[in-house]
Amino acid sequence: MIVIPAIDLRDGRCVRLHQGRSDRETVFSDDPVAVALQWKKLGAERLHVVDLDGAFAGEPRQSALVTKIVAAMMPVPVEVGGGLRDLRAVDSALETGARWVVVGTRAALDRAFLSDVCRRHAGRIIVAVDARGPRVAVKGWTEVVDDTVAEVGARARDAGAAALLYTDVSRDGTETGPNVDDTAALARQVEMPILASGGVGRVEDLMRLAAIPGVVGAVVGRALYTGAIDLRRAKEASASSGGVAGPRRA
């Protein structure tokens, strides 16, 4: 399992939100490119970048900054999300040089779009399933739909998505520990590569996730910024604690 540092962009800065709430923001840097270079220097194998302005607005707002981050990270691959709700936005996100794009709201709401985007960019689409309990949260986590996480995950698998990014919204940015049980249940149900996110606060949390078959990566944000987790140590621990790997496309 790889450890994937997260950079969340808002108003050109590197921030973290608590449980996805826009009114509970912590600014960690005014220079996201420098932050990306820090993770690269420490040995990051992948970077997760989210345009929070785009997520709330419904269309990308930080494309120029994303392009700079992707260029700075070369040759380390970057996955990019936030406001990618039509094919043109997805195309533009990939034009930044990102290896993968993360689609959430539109993929959860529109089966035809999910099928089209996975076919158009085979192997480069990660579908985000952001959970409030068993249900999927959309539109920057401001609304919840009737579809369950497992249902959207199954549709993503059948459409040919490269991976599923699972986030328990109630734990995101809290460092209280990931939802290991629901992550494991989802991995069993969908049988596709899972990226786990939300609540990681200790190296031991990463070891628990690494032991879940099918979990190929963990996205970590606040705990890396506060120093609760050291990236080098986290890489070593997660590499030595892996379970039986599931199918690996991402």
# chains A, B, ... in the order shown; residues from 1 in each chain; ligands from 1
$ select_by_dssp --residues "stretch 134-230 of chain A" --states "strand (DSSP E)" --output "VMD selection string"
chain A and resid 135 to 138 143 to 148 163 to 168 194 to 197 215 to 220
$ write_last_selection --atoms "C-alpha atoms" --output "short mmCIF file (atom, residue, chain, number, x, y, z; two decimals), in the first residue's frame"
data_model
loop_
_atom_site.label_atom_id
_atom_site.label_comp_id
_atom_site.auth_asym_id
_atom_site.auth_seq_id
_atom_site.Cartn_x
_atom_site.Cartn_y
_atom_site.Cartn_z
CA ARG A 135 -24.96 7.03 1.58
CA VAL A 136 -22.92 9.01 -0.93
CA ALA A 137 -22.24 12.71 -0.36
CA VAL A 138 -21.98 14.96 -3.43
CA GLU A 143 -25.73 16.95 -0.21
CA VAL A 144 -26.45 13.24 0.25
CA VAL A 145 -28.08 11.05 -2.41
CA ASP A 146 -30.10 7.85 -2.03
CA ASP A 147 -27.45 5.66 -3.65
CA THR A 148 -25.23 3.70 -1.30
CA ALA A 163 -9.79 2.68 -8.63
CA LEU A 164 -12.30 3.74 -6.02
CA LEU A 165 -11.42 6.52 -3.56
CA TYR A 166 -13.41 5.94 -0.37
CA THR A 167 -13.73 8.73 2.19
CA ASP A 168 -15.76 8.68 5.39
CA ILE A 194 -9.43 0.92 -3.17
CA LEU A 195 -7.78 4.15 -2.07
CA ALA A 196 -8.70 4.86 1.54
CA SER A 197 -9.12 8.37 2.92
CA VAL A 215 -6.57 -1.39 -0.42
CA VAL A 216 -3.69 -0.19 -2.60
CA GLY A 217 -3.23 3.31 -1.21
CA ALA A 218 -4.15 5.70 1.59
CA VAL A 219 -4.59 9.45 1.11
CA VAL A 220 -3.28 11.36 4.12
#
$ select_by_dssp --residues "stretch 3-250 of chain A" --states "helix (DSSP H, G or I)" --output "NGL selection string"
:A and (32-41 or 52-57 or 63-73 or 87-95 or 105-109 or 111-120 or 149-159 or 169-171 or 180-190 or 203-210 or 222-226 or 231-240)
$ residues_around --residues "A:Asp8" --least-positions-apart "2" --cutoff "12 Å" --atoms "only C-alpha atoms" --output "PyMOL selection string"
chain A and resi 5-6+10-18+20+22+25-33+35-36+47-55+62+65-66+69+79-82+173+219-222+225
$ residues_around --residues "stretch 202-213 of chain A" --least-positions-apart "4" --cutoff "9 Å" --atoms "only C-alpha atoms" --output "PyMOL selection string"
chain A and resi 1-3+175-178+180+183-184+187-188+196+217-218+223+228-230+233-234+237-246
$ write_last_selection --atoms "C-alpha atoms" --output "JSON list (two decimals), in the first residue's frame"
[["chain", "number", "residue", "atom", "x", "y", "z"],
["A", 1, "MET", "CA", 0.00, 0.00, 0.00],
["A", 2, "ILE", "CA", 1.32, 3.44, -0.88],
["A", 3, "VAL", "CA", 0.92, 6.57, 1.26],
["A", 175, "GLU", "CA", -7.13, 12.42, 12.79],
["A", 176, "THR", "CA", -9.45, 10.17, 14.84],
["A", 177, "GLY", "CA", -8.71, 7.06, 12.79],
["A", 178, "PRO", "CA", -10.08, 5.72, 9.50],
["A", 180, "VAL", "CA", -11.49, 0.44, 8.76],
["A", 183, "THR", "CA", -13.38, 0.28, 4.09],
["A", 184, "ALA", "CA", -12.86, -3.47, 4.36],
["A", 187, "ALA", "CA", -13.27, -3.68, -0.71],
["A", 188, "ARG", "CA", -14.91, -7.10, -0.35],
["A", 196, "ALA", "CA", -8.70, 4.86, 1.54],
["A", 217, "GLY", "CA", -3.23, 3.31, -1.21],
["A", 218, "ALA", "CA", -4.15, 5.70, 1.59],
["A", 223, "ALA", "CA", -1.67, 14.23, 10.01],
["A", 228, "ALA", "CA", 1.61, 13.36, 13.66],
["A", 229, "ILE", "CA", 2.79, 11.12, 10.82],
["A", 230, "ASP", "CA", 6.24, 11.18, 9.26],
["A", 233, "ARG", "CA", 8.25, 6.18, 8.51],
["A", 234, "ALA", "CA", 4.71, 5.81, 7.18],
["A", 237, "ALA", "CA", 5.30, 0.77, 7.99],
["A", 238, "SER", "CA", 2.65, 0.46, 5.30],
["A", 239, "ALA", "CA", 4.98, -1.45, 3.00],
["A", 240, "SER", "CA", 5.71, -4.03, 5.69],
["A", 241, "SER", "CA", 2.07, -4.48, 6.76],
["A", 242, "GLY", "CA", 0.32, -5.18, 3.50],
["A", 243, "GLY", "CA", -2.38, -7.80, 3.13],
["A", 244, "VAL", "CA", -3.19, -9.76, 0.00],
["A", 245, "ALA", "CA", -3.37, -7.28, -2.83],
["A", 246, "GLY", "CA", -6.52, -7.08, -4.91]]
$ closest_residue --among "A:Asp110, A:Ser115, A:Ile4, A:Gly97" --to "A:Lys40" --atoms "only C-alpha atoms"
A:Ile4
$ residues_around --residues "A:Glu95" --least-positions-apart "3" --cutoff "12 Å" --atoms "only C-alpha atoms" --output "PDB file with C-alpha atoms, in the first residue's frame"
ATOM      1  CA  SER A  63      -6.174  24.699 -13.117  1.00  0.00           C
ATOM      2  CA  ALA A  64      -3.145  26.984 -13.502  1.00  0.00           C
ATOM      3  CA  VAL A  66      -2.579  22.445 -10.542  1.00  0.00           C
ATOM      4  CA  THR A  67      -0.464  22.581 -13.708  1.00  0.00           C
ATOM      5  CA  LYS A  68       2.430  24.083 -11.736  1.00  0.00           C
ATOM      6  CA  VAL A  70       2.076  18.588 -11.575  1.00  0.00           C
ATOM      7  CA  ALA A  71       5.151  19.999 -13.327  1.00  0.00           C
ATOM      8  CA  VAL A  80      -6.408  15.582  -9.485  1.00  0.00           C
ATOM      9  CA  ARG A  88     -14.458  18.841 -21.083  1.00  0.00           C
ATOM     10  CA  ALA A  89     -13.420  19.465 -17.472  1.00  0.00           C
ATOM     11  CA  VAL A  90     -11.941  15.972 -17.253  1.00  0.00           C
ATOM     12  CA  ASP A  91     -10.061  16.491 -20.518  1.00  0.00           C
ATOM     13  CA  SER A  92      -8.672  19.783 -19.210  1.00  0.00           C
ATOM     14  CA  ALA A  98      -2.052  14.636 -14.177  1.00  0.00           C
ATOM     15  CA  ARG A  99      -1.866  10.844 -14.446  1.00  0.00           C
ATOM     16  CA  TRP A 100      -5.386  10.327 -13.082  1.00  0.00           C
ATOM     17  CA  VAL A 101      -8.475  12.426 -12.482  1.00  0.00           C
TER      18      VAL A 101
END
$ closest_residue --among "A:Pro77, A:Pro193, A:Leu94, A:Thr105" --to "A:Thr142" --atoms "only C-alpha atoms"
A:Thr105
$ closest_residue --among "A:His121, A:Arg46, A:Arg171, A:Arg61" --to "A:Pro75" --atoms "only C-alpha atoms"
A:Arg46
$ closest_residue --among "A:Met73, A:Ala159, A:Val78, A:Val149" --to "A:Arg111" --atoms "only C-alpha atoms"
A:Ala159
$ atom_distance --atom1 "atom CA of A:Leu9" --atom2 "atom CA of A:Val152"
26.0 Å
$ atom_distance --atom1 "atom CA of A:Thr226" --atom2 "atom CA of A:Gly133"
27.0 Å
$ closest_residue --among "A:Asp172, A:Glu191, A:Glu151, A:Asp181" --to "A:Val129" --atoms "only C-alpha atoms"
A:Glu151
$ decode --residues "stretch 121-160 of chain A" --atoms "N, CA and C atoms" --output "PDB file, in the first residue's frame"
ATOM      1  N   HIS A 121     -11.223   7.712 -21.184  1.00  0.00           N
ATOM      2  CA  HIS A 121      -9.898   7.799 -20.571  1.00  0.00           C
ATOM      3  C   HIS A 121      -9.627   6.521 -19.776  1.00  0.00           C
ATOM      4  N   ALA A 122      -9.523   5.430 -20.481  1.00  0.00           N
ATOM      5  CA  ALA A 122      -9.346   4.125 -19.846  1.00  0.00           C
ATOM      6  C   ALA A 122      -8.100   4.108 -18.960  1.00  0.00           C
ATOM      7  N   GLY A 123      -8.288   3.612 -17.729  1.00  0.00           N
ATOM      8  CA  GLY A 123      -7.185   3.481 -16.802  1.00  0.00           C
ATOM      9  C   GLY A 123      -6.775   4.757 -16.100  1.00  0.00           C
ATOM     10  N   ARG A 124      -7.497   5.857 -16.364  1.00  0.00           N
ATOM     11  CA  ARG A 124      -7.077   7.144 -15.790  1.00  0.00           C
ATOM     12  C   ARG A 124      -8.170   7.809 -14.961  1.00  0.00           C
ATOM     13  N   ILE A 125      -9.259   7.077 -14.702  1.00  0.00           N
ATOM     14  CA  ILE A 125     -10.372   7.634 -13.931  1.00  0.00           C
ATOM     15  C   ILE A 125     -10.467   6.956 -12.571  1.00  0.00           C
ATOM     16  N   ILE A 126     -10.379   7.763 -11.522  1.00  0.00           N
ATOM     17  CA  ILE A 126     -10.619   7.304 -10.154  1.00  0.00           C
ATOM     18  C   ILE A 126     -11.968   7.861  -9.732  1.00  0.00           C
ATOM     19  N   VAL A 127     -12.837   7.004  -9.258  1.00  0.00           N
ATOM     20  CA  VAL A 127     -14.166   7.442  -8.825  1.00  0.00           C
ATOM     21  C   VAL A 127     -14.163   7.621  -7.314  1.00  0.00           C
ATOM     22  N   ALA A 128     -14.548   8.819  -6.879  1.00  0.00           N
ATOM     23  CA  ALA A 128     -14.618   9.116  -5.451  1.00  0.00           C
ATOM     24  C   ALA A 128     -15.998   8.780  -4.922  1.00  0.00           C
ATOM     25  N   VAL A 129     -16.038   7.973  -3.862  1.00  0.00           N
ATOM     26  CA  VAL A 129     -17.281   7.719  -3.146  1.00  0.00           C
ATOM     27  C   VAL A 129     -17.098   8.277  -1.742  1.00  0.00           C
ATOM     28  N   ASP A 130     -17.739   9.403  -1.512  1.00  0.00           N
ATOM     29  CA  ASP A 130     -17.627  10.117  -0.245  1.00  0.00           C
ATOM     30  C   ASP A 130     -18.849   9.787   0.588  1.00  0.00           C
ATOM     31  N   ALA A 131     -18.619   9.193   1.738  1.00  0.00           N
ATOM     32  CA  ALA A 131     -19.719   8.595   2.493  1.00  0.00           C
ATOM     33  C   ALA A 131     -20.109   9.389   3.726  1.00  0.00           C
ATOM     34  N   ARG A 132     -21.428   9.549   3.882  1.00  0.00           N
ATOM     35  CA  ARG A 132     -22.015   9.927   5.163  1.00  0.00           C
ATOM     36  C   ARG A 132     -22.849   8.723   5.585  1.00  0.00           C
ATOM     37  N   GLY A 133     -22.276   7.884   6.442  1.00  0.00           N
ATOM     38  CA  GLY A 133     -22.904   6.603   6.724  1.00  0.00           C
ATOM     39  C   GLY A 133     -22.833   5.750   5.468  1.00  0.00           C
ATOM     40  N   PRO A 134     -23.910   5.041   5.124  1.00  0.00           N
ATOM     41  CA  PRO A 134     -23.882   4.206   3.927  1.00  0.00           C
ATOM     42  C   PRO A 134     -24.159   4.977   2.638  1.00  0.00           C
ATOM     43  N   ARG A 135     -24.565   6.246   2.743  1.00  0.00           N
ATOM     44  CA  ARG A 135     -24.960   7.028   1.582  1.00  0.00           C
ATOM     45  C   ARG A 135     -23.807   7.849   1.018  1.00  0.00           C
ATOM     46  N   VAL A 136     -23.968   8.267  -0.233  1.00  0.00           N
ATOM     47  CA  VAL A 136     -22.922   9.013  -0.931  1.00  0.00           C
ATOM     48  C   VAL A 136     -23.193  10.504  -0.831  1.00  0.00           C
ATOM     49  N   ALA A 137     -22.167  11.259  -0.431  1.00  0.00           N
ATOM     50  CA  ALA A 137     -22.238  12.714  -0.358  1.00  0.00           C
ATOM     51  C   ALA A 137     -21.701  13.305  -1.660  1.00  0.00           C
ATOM     52  N   VAL A 138     -22.361  14.344  -2.162  1.00  0.00           N
ATOM     53  CA  VAL A 138     -21.981  14.958  -3.430  1.00  0.00           C
ATOM     54  C   VAL A 138     -21.929  16.480  -3.282  1.00  0.00           C
ATOM     55  N   LYS A 139     -21.531  17.140  -4.395  1.00  0.00           N
ATOM     56  CA  LYS A 139     -21.493  18.609  -4.457  1.00  0.00           C
ATOM     57  C   LYS A 139     -20.673  19.203  -3.312  1.00  0.00           C
ATOM     58  N   GLY A 140     -19.404  18.767  -3.274  1.00  0.00           N
ATOM     59  CA  GLY A 140     -18.534  19.249  -2.211  1.00  0.00           C
ATOM     60  C   GLY A 140     -18.960  18.782  -0.839  1.00  0.00           C
ATOM     61  N   TRP A 141     -19.619  17.605  -0.800  1.00  0.00           N
ATOM     62  CA  TRP A 141     -20.088  16.970   0.435  1.00  0.00           C
ATOM     63  C   TRP A 141     -21.235  17.729   1.079  1.00  0.00           C
ATOM     64  N   THR A 142     -21.913  18.582   0.324  1.00  0.00           N
ATOM     65  CA  THR A 142     -22.997  19.388   0.890  1.00  0.00           C
ATOM     66  C   THR A 142     -24.358  18.707   0.780  1.00  0.00           C
ATOM     67  N   GLU A 143     -24.465  17.656  -0.054  1.00  0.00           N
ATOM     68  CA  GLU A 143     -25.728  16.948  -0.214  1.00  0.00           C
ATOM     69  C   GLU A 143     -25.488  15.443  -0.169  1.00  0.00           C
ATOM     70  N   VAL A 144     -26.530  14.702   0.205  1.00  0.00           N
ATOM     71  CA  VAL A 144     -26.452  13.238   0.247  1.00  0.00           C
ATOM     72  C   VAL A 144     -27.516  12.668  -0.681  1.00  0.00           C
ATOM     73  N   VAL A 145     -27.140  11.670  -1.475  1.00  0.00           N
ATOM     74  CA  VAL A 145     -28.078  11.047  -2.411  1.00  0.00           C
ATOM     75  C   VAL A 145     -28.546   9.703  -1.853  1.00  0.00           C
ATOM     76  N   ASP A 146     -29.540   9.116  -2.505  1.00  0.00           N
ATOM     77  CA  ASP A 146     -30.102   7.852  -2.030  1.00  0.00           C
ATOM     78  C   ASP A 146     -29.174   6.670  -2.288  1.00  0.00           C
ATOM     79  N   ASP A 147     -28.331   6.774  -3.294  1.00  0.00           N
ATOM     80  CA  ASP A 147     -27.447   5.664  -3.650  1.00  0.00           C
ATOM     81  C   ASP A 147     -26.469   5.365  -2.515  1.00  0.00           C
ATOM     82  N   THR A 148     -26.198   4.090  -2.321  1.00  0.00           N
ATOM     83  CA  THR A 148     -25.228   3.703  -1.300  1.00  0.00           C
ATOM     84  C   THR A 148     -23.820   3.697  -1.892  1.00  0.00           C
ATOM     85  N   VAL A 149     -22.861   3.713  -0.991  1.00  0.00           N
ATOM     86  CA  VAL A 149     -21.465   3.662  -1.400  1.00  0.00           C
ATOM     87  C   VAL A 149     -21.186   2.397  -2.210  1.00  0.00           C
ATOM     88  N   ALA A 150     -21.723   1.275  -1.758  1.00  0.00           N
ATOM     89  CA  ALA A 150     -21.494   0.014  -2.465  1.00  0.00           C
ATOM     90  C   ALA A 150     -22.101   0.029  -3.861  1.00  0.00           C
ATOM     91  N   GLU A 151     -23.261   0.645  -4.007  1.00  0.00           N
ATOM     92  CA  GLU A 151     -23.911   0.703  -5.323  1.00  0.00           C
ATOM     93  C   GLU A 151     -23.091   1.532  -6.301  1.00  0.00           C
ATOM     94  N   VAL A 152     -22.643   2.691  -5.865  1.00  0.00           N
ATOM     95  CA  VAL A 152     -21.822   3.530  -6.745  1.00  0.00           C
ATOM     96  C   VAL A 152     -20.488   2.849  -7.032  1.00  0.00           C
ATOM     97  N   GLY A 153     -19.932   2.183  -6.020  1.00  0.00           N
ATOM     98  CA  GLY A 153     -18.689   1.454  -6.233  1.00  0.00           C
ATOM     99  C   GLY A 153     -18.824   0.357  -7.263  1.00  0.00           C
ATOM    100  N   ALA A 154     -19.910  -0.379  -7.216  1.00  0.00           N
ATOM    101  CA  ALA A 154     -20.139  -1.445  -8.186  1.00  0.00           C
ATOM    102  C   ALA A 154     -20.275  -0.880  -9.594  1.00  0.00           C
ATOM    103  N   ARG A 155     -20.950   0.264  -9.724  1.00  0.00           N
ATOM    104  CA  ARG A 155     -21.092   0.887 -11.043  1.00  0.00           C
ATOM    105  C   ARG A 155     -19.724   1.351 -11.566  1.00  0.00           C
ATOM    106  N   ALA A 156     -18.895   1.864 -10.667  1.00  0.00           N
ATOM    107  CA  ALA A 156     -17.551   2.291 -11.073  1.00  0.00           C
ATOM    108  C   ALA A 156     -16.723   1.106 -11.552  1.00  0.00           C
ATOM    109  N   ARG A 157     -16.811   0.001 -10.834  1.00  0.00           N
ATOM    110  CA  ARG A 157     -16.095  -1.219 -11.234  1.00  0.00           C
ATOM    111  C   ARG A 157     -16.558  -1.687 -12.600  1.00  0.00           C
ATOM    112  N   ASP A 158     -17.862  -1.744 -12.799  1.00  0.00           N
ATOM    113  CA  ASP A 158     -18.405  -2.243 -14.058  1.00  0.00           C
ATOM    114  C   ASP A 158     -18.081  -1.315 -15.228  1.00  0.00           C
ATOM    115  N   ALA A 159     -17.923  -0.010 -14.925  1.00  0.00           N
ATOM    116  CA  ALA A 159     -17.590   0.949 -15.985  1.00  0.00           C
ATOM    117  C   ALA A 159     -16.115   0.898 -16.358  1.00  0.00           C
ATOM    118  N   GLY A 160     -15.306   0.263 -15.518  1.00  0.00           N
ATOM    119  CA  GLY A 160     -13.885   0.141 -15.814  1.00  0.00           C
ATOM    120  C   GLY A 160     -13.017   1.198 -15.158  1.00  0.00           C
TER     121      GLY A 160
END
